[in-house]
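Shown below: protein26.cif, with mmCIF, C-alpha atoms, pLDDT in the B column; chains and numbers go by the auth columns.
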data_input
#
loop_
_atom_site.group_PDB
_atom_site.id
_atom_site.type_symbol
_atom_site.label_atom_id
_atom_site.label_comp_id
_atom_site.label_asym_id
_atom_site.label_seq_id
_atom_site.Cartn_x
_atom_site.Cartn_y
_atom_site.Cartn_z
_atom_site.B_iso_or_equiv
_atom_site.auth_seq_id
_atom_site.auth_asym_id
ATOM 1 C CA MET A 1 13.175 61.866 7.647 59.00 1 A
ATOM 2 C CA CYS A 2 12.312 59.412 10.426 67.00 2 A
ATOM 3 C CA ASP A 3 8.775 58.522 11.372 68.00 3 A
ATOM 4 C CA HIS A 4 8.492 58.759 15.169 65.00 4 A
ATOM 5 C CA SER A 5 4.759 58.074 15.355 68.00 5 A
ATOM 6 C CA ASP A 6 5.318 54.770 17.179 74.00 6 A
ATOM 7 C CA VAL A 7 7.490 56.336 19.897 70.00 7 A
ATOM 8 C CA PRO A 8 5.481 56.866 23.091 77.00 8 A
ATOM 9 C CA GLU A 9 5.311 60.357 24.481 89.00 9 A
ATOM 10 C CA LEU A 10 7.183 60.459 27.787 92.00 10 A
ATOM 11 C CA ASP A 11 7.908 62.907 30.538 95.00 11 A
ATOM 12 C CA VAL A 12 10.817 60.967 32.035 95.00 12 A
ATOM 13 C CA LEU A 13 13.197 58.264 30.857 95.00 13 A
ATOM 14 C CA VAL A 14 14.743 56.372 33.790 96.00 14 A
ATOM 15 C CA VAL A 15 18.021 54.654 32.930 96.00 15 A
ATOM 16 C CA GLY A 16 18.508 51.631 35.181 92.00 16 A
ATOM 17 C CA GLY A 17 15.789 49.335 36.462 89.00 17 A
ATOM 18 C CA GLY A 18 17.345 48.344 39.779 87.00 18 A
ATOM 19 C CA PRO A 19 15.740 49.280 43.091 87.00 19 A
ATOM 20 C CA SER A 20 16.609 52.983 42.848 90.00 20 A
ATOM 21 C CA GLY A 21 15.489 53.367 39.246 93.00 21 A
ATOM 22 C CA ALA A 22 12.319 51.380 39.889 92.00 22 A
ATOM 23 C CA ALA A 23 11.511 53.488 42.959 94.00 23 A
ATOM 24 C CA ALA A 24 12.132 56.718 41.041 95.00 24 A
ATOM 25 C CA ALA A 25 9.856 55.523 38.242 96.00 25 A
ATOM 26 C CA TYR A 26 7.188 54.439 40.739 95.00 26 A
ATOM 27 C CA TRP A 27 7.035 57.830 42.475 96.00 27 A
ATOM 28 C CA LEU A 28 7.103 59.750 39.191 97.00 28 A
ATOM 29 C CA ALA A 29 4.219 57.643 37.849 96.00 29 A
ATOM 30 C CA GLU A 30 2.333 58.081 41.137 95.00 30 A
ATOM 31 C CA HIS A 31 2.558 61.821 40.518 97.00 31 A
ATOM 32 C CA GLY A 32 1.159 61.571 37.006 96.00 32 A
ATOM 33 C CA ARG A 33 4.333 61.485 34.935 97.00 33 A
ATOM 34 C CA ARG A 34 4.638 59.243 31.890 96.00 34 A
ATOM 35 C CA VAL A 35 7.715 57.144 32.634 96.00 35 A
ATOM 36 C CA LEU A 36 9.764 54.564 30.771 94.00 36 A
ATOM 37 C CA VAL A 37 12.459 52.497 32.493 94.00 37 A
ATOM 38 C CA VAL A 38 15.282 51.064 30.391 94.00 38 A
ATOM 39 C CA GLU A 39 17.721 48.472 31.719 91.00 39 A
ATOM 40 C CA LYS A 40 20.597 46.779 29.927 91.00 40 A
ATOM 41 C CA LYS A 41 20.644 43.649 32.118 86.00 41 A
ATOM 42 C CA ARG A 42 18.191 40.776 31.969 83.00 42 A
ATOM 43 C CA PHE A 43 15.890 40.379 34.980 76.00 43 A
ATOM 44 C CA PRO A 44 15.563 38.688 37.365 74.00 44 A
ATOM 45 C CA ARG A 45 19.226 38.604 38.356 76.00 45 A
ATOM 46 C CA GLU A 46 21.446 37.694 41.232 77.00 46 A
ATOM 47 C CA LYS A 47 23.727 40.264 42.780 75.00 47 A
ATOM 48 C CA THR A 48 26.314 39.386 45.359 72.00 48 A
ATOM 49 C CA CYS A 49 25.908 42.338 47.699 71.00 49 A
ATOM 50 C CA GLY A 50 22.297 43.347 47.291 67.00 50 A
ATOM 51 C CA ASP A 51 20.395 41.415 49.945 89.00 51 A
ATOM 52 C CA ALA A 52 20.312 43.527 53.127 92.00 52 A
ATOM 53 C CA LEU A 53 17.728 46.296 53.289 94.00 53 A
ATOM 54 C CA THR A 54 18.283 49.036 55.866 94.00 54 A
ATOM 55 C CA PRO A 55 15.400 50.658 57.764 97.00 55 A
ATOM 56 C CA ARG A 56 15.389 53.554 55.275 95.00 56 A
ATOM 57 C CA ALA A 57 15.071 51.132 52.350 95.00 57 A
ATOM 58 C CA VAL A 58 12.325 49.216 54.167 97.00 58 A
ATOM 59 C CA ARG A 59 10.384 52.442 54.710 96.00 59 A
ATOM 60 C CA GLN A 60 10.637 53.328 51.029 95.00 60 A
ATOM 61 C CA LEU A 61 9.395 49.883 49.983 96.00 61 A
ATOM 62 C CA GLU A 62 6.575 49.967 52.534 96.00 62 A
ATOM 63 C CA ASP A 63 5.537 53.382 51.191 96.00 63 A
ATOM 64 C CA MET A 64 5.414 51.765 47.738 95.00 64 A
ATOM 65 C CA GLY A 65 2.876 49.228 49.044 95.00 65 A
ATOM 66 C CA LEU A 66 5.304 46.336 49.504 96.00 66 A
ATOM 67 C CA ALA A 67 4.960 45.761 53.270 96.00 67 A
ATOM 68 C CA GLU A 68 3.083 42.485 52.837 96.00 68 A
ATOM 69 C CA PRO A 69 5.587 40.739 50.536 95.00 69 A
ATOM 70 C CA LEU A 70 8.503 42.004 52.651 96.00 70 A
ATOM 71 C CA ALA A 71 7.046 40.390 55.777 95.00 71 A
ATOM 72 C CA ASP A 72 7.831 36.937 54.342 94.00 72 A
ATOM 73 C CA TYR A 73 11.589 37.571 54.510 97.00 73 A
ATOM 74 C CA LEU A 74 14.155 37.389 57.303 95.00 74 A
ATOM 75 C CA ARG A 75 13.868 40.451 59.508 96.00 75 A
ATOM 76 C CA PHE A 76 16.932 41.755 61.359 95.00 76 A
ATOM 77 C CA ASP A 77 17.092 44.290 64.157 95.00 77 A
ATOM 78 C CA GLY A 78 20.641 45.583 63.820 94.00 78 A
ATOM 79 C CA LEU A 79 24.143 44.906 62.605 91.00 79 A
ATOM 80 C CA ARG A 80 26.802 42.437 63.668 91.00 80 A
ATOM 81 C CA SER A 81 30.448 42.820 62.735 93.00 81 A
ATOM 82 C CA ILE A 82 33.062 40.173 63.509 95.00 82 A
ATOM 83 C CA ALA A 83 36.758 40.833 62.947 96.00 83 A
ATOM 84 C CA HIS A 84 39.938 39.572 64.591 96.00 84 A
ATOM 85 C CA GLY A 85 37.982 37.622 67.177 95.00 85 A
ATOM 86 C CA VAL A 86 35.950 40.648 68.275 97.00 86 A
ATOM 87 C CA THR A 87 32.181 40.827 67.796 97.00 87 A
ATOM 88 C CA LEU A 88 30.336 44.134 67.744 96.00 88 A
ATOM 89 C CA GLU A 89 26.523 44.200 67.715 95.00 89 A
ATOM 90 C CA LEU A 90 24.484 47.339 67.182 95.00 90 A
ATOM 91 C CA ALA A 91 20.701 47.619 67.217 95.00 91 A
ATOM 92 C CA TRP A 92 19.057 49.890 64.691 93.00 92 A
ATOM 93 C CA PRO A 93 18.290 53.157 66.481 92.00 93 A
ATOM 94 C CA GLU A 94 14.734 54.245 67.186 93.00 94 A
ATOM 95 C CA HIS A 95 13.725 56.899 64.667 95.00 95 A
ATOM 96 C CA PRO A 96 10.368 58.623 64.203 96.00 96 A
ATOM 97 C CA ASP A 97 10.417 58.222 60.408 96.00 97 A
ATOM 98 C CA PHE A 98 11.924 54.756 59.929 97.00 98 A
ATOM 99 C CA PRO A 99 11.324 51.275 61.335 97.00 99 A
ATOM 100 C CA SER A 100 13.891 49.810 63.738 95.00 100 A
ATOM 101 C CA TYR A 101 14.454 46.744 61.537 96.00 101 A
ATOM 102 C CA GLY A 102 15.662 45.708 58.136 96.00 102 A
ATOM 103 C CA TYR A 103 15.092 42.673 55.922 97.00 103 A
ATOM 104 C CA VAL A 104 17.232 40.238 53.996 95.00 104 A
ATOM 105 C CA VAL A 105 15.745 39.836 50.520 95.00 105 A
ATOM 106 C CA ARG A 106 17.466 38.053 47.642 91.00 106 A
ATOM 107 C CA ARG A 107 18.180 40.583 44.908 88.00 107 A
ATOM 108 C CA ARG A 108 16.342 38.389 42.409 88.00 108 A
ATOM 109 C CA ASP A 109 13.227 38.616 44.612 91.00 109 A
ATOM 110 C CA LEU A 110 13.629 42.353 45.224 92.00 110 A
ATOM 111 C CA ASP A 111 13.915 43.010 41.490 87.00 111 A
ATOM 112 C CA GLU A 112 10.689 41.078 40.980 88.00 112 A
ATOM 113 C CA MET A 113 8.932 43.065 43.744 90.00 113 A
ATOM 114 C CA VAL A 114 9.832 46.514 42.491 87.00 114 A
#

Would you give me this structure, written as structure tokens?
Amino acid sequence: MCDHSDVPELDVLVVGGGPSGAAAAYWLAEHGRRVLVVEKKRFPREKTCGDALTPRAVRQLEDMGLAEPLADYLRFDGLRSIAHGVTLELAWPEHPDFPSYGYVVRRRDLDEMV
């Protein structure tokens, strides 16, 4: 028979410590749950396509108390797409629940923040 006395008692096991897993663990812990996050990759890490944060992501991070560290990063107010010599620029729409800007944050830095 195995002795499990050294295993912590948990309410939730979150698999994946990226931004989504970290946010899920944060909110669960904020609501009194005992949470453990497991991640197979070594942190901090670089990720090719993980740098742009949309207004919804910014709101989530601000709600987690990360507004101050985010303010040090490049802020952007919309999207720009360039293809076949045509440029299309779109501002983020005004929304009552989300800011009208995003940020560019290196994934390595974002992992460290969350």

> Which one is closest to Val38 of chain A: A:Glu89, A:Tyr73, A:Leu13, A:Ala83? Count only C-alpha atoms.
Replying inline: A:Leu13

>> From the options A:Arg106, A:Arg75, A:Arg42, A:Arg34, which residue's atoms come nearest to Thr54 of chain A, counting all atoms listed in the file?
In response: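 Between A:Arg106, A:Arg75, A:Arg42, A:Arg34, the residue approaching Thr54 of chain A most closely is A:Arg75.
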
> Applied to this file, what does the PyMOL selection byres ((chain A and resi 113) around 10) return in terms of residues, put as a PyMOL selection string?
Replying inline: chain A and resi 19+22+61+66+69-70+107-112+114

> Which residues, written as a list in words, have at least one atom at most 9 Å from Glu39 of chain A, with only C-alpha atoms counted and residues fewer than 2 positions away on the same chain left out?
Replying inline: Val14, Val15, Gly16, Gly17, Gly18, Val37, Lys41, Arg42 and Phe43 of chain A

Restricting it to C-alpha atoms, dump the selection as a PDB file, in the frame of the given file.
ATOM      1  CA  VAL A  14      14.743  56.372  33.790  1.00 96.00           C
ATOM      2  CA  VAL A  15      18.021  54.654  32.930  1.00 96.00           C
ATOM      3  CA  GLY A  16      18.508  51.631  35.181  1.00 92.00           C
ATOM      4  CA  GLY A  17      15.789  49.335  36.462  1.00 89.00           C
ATOM      5  CA  GLY A  18      17.345  48.344  39.779  1.00 87.00           C
ATOM      6  CA  VAL A  37      12.459  52.497  32.493  1.00 94.00           C
ATOM      7  CA  LYS A  41      20.644  43.649  32.118  1.00 86.00           C
ATOM      8  CA  ARG A  42      18.191  40.776  31.969  1.00 83.00           C
ATOM      9  CA  PHE A  43      15.890  40.379  34.980  1.00 76.00           C
TER      10      PHE A  43
END

> Expanded to explicit residues, what is the PyMOL selection byres ((chain A and resi 97) around 10) for this file, as an MDAnalysis selection string?
Replying inline: chainID A and resid 55:56 59 94:96 98:100

> What is the distance, in Å and to one decimal place, between atom CA of Glu46 of chain A and atom CA of Trp27 of chain A?
Replying inline: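 Between atom CA of Glu46 of chain A and atom CA of Trp27 of chain A the gap works out to 24.8 Å.
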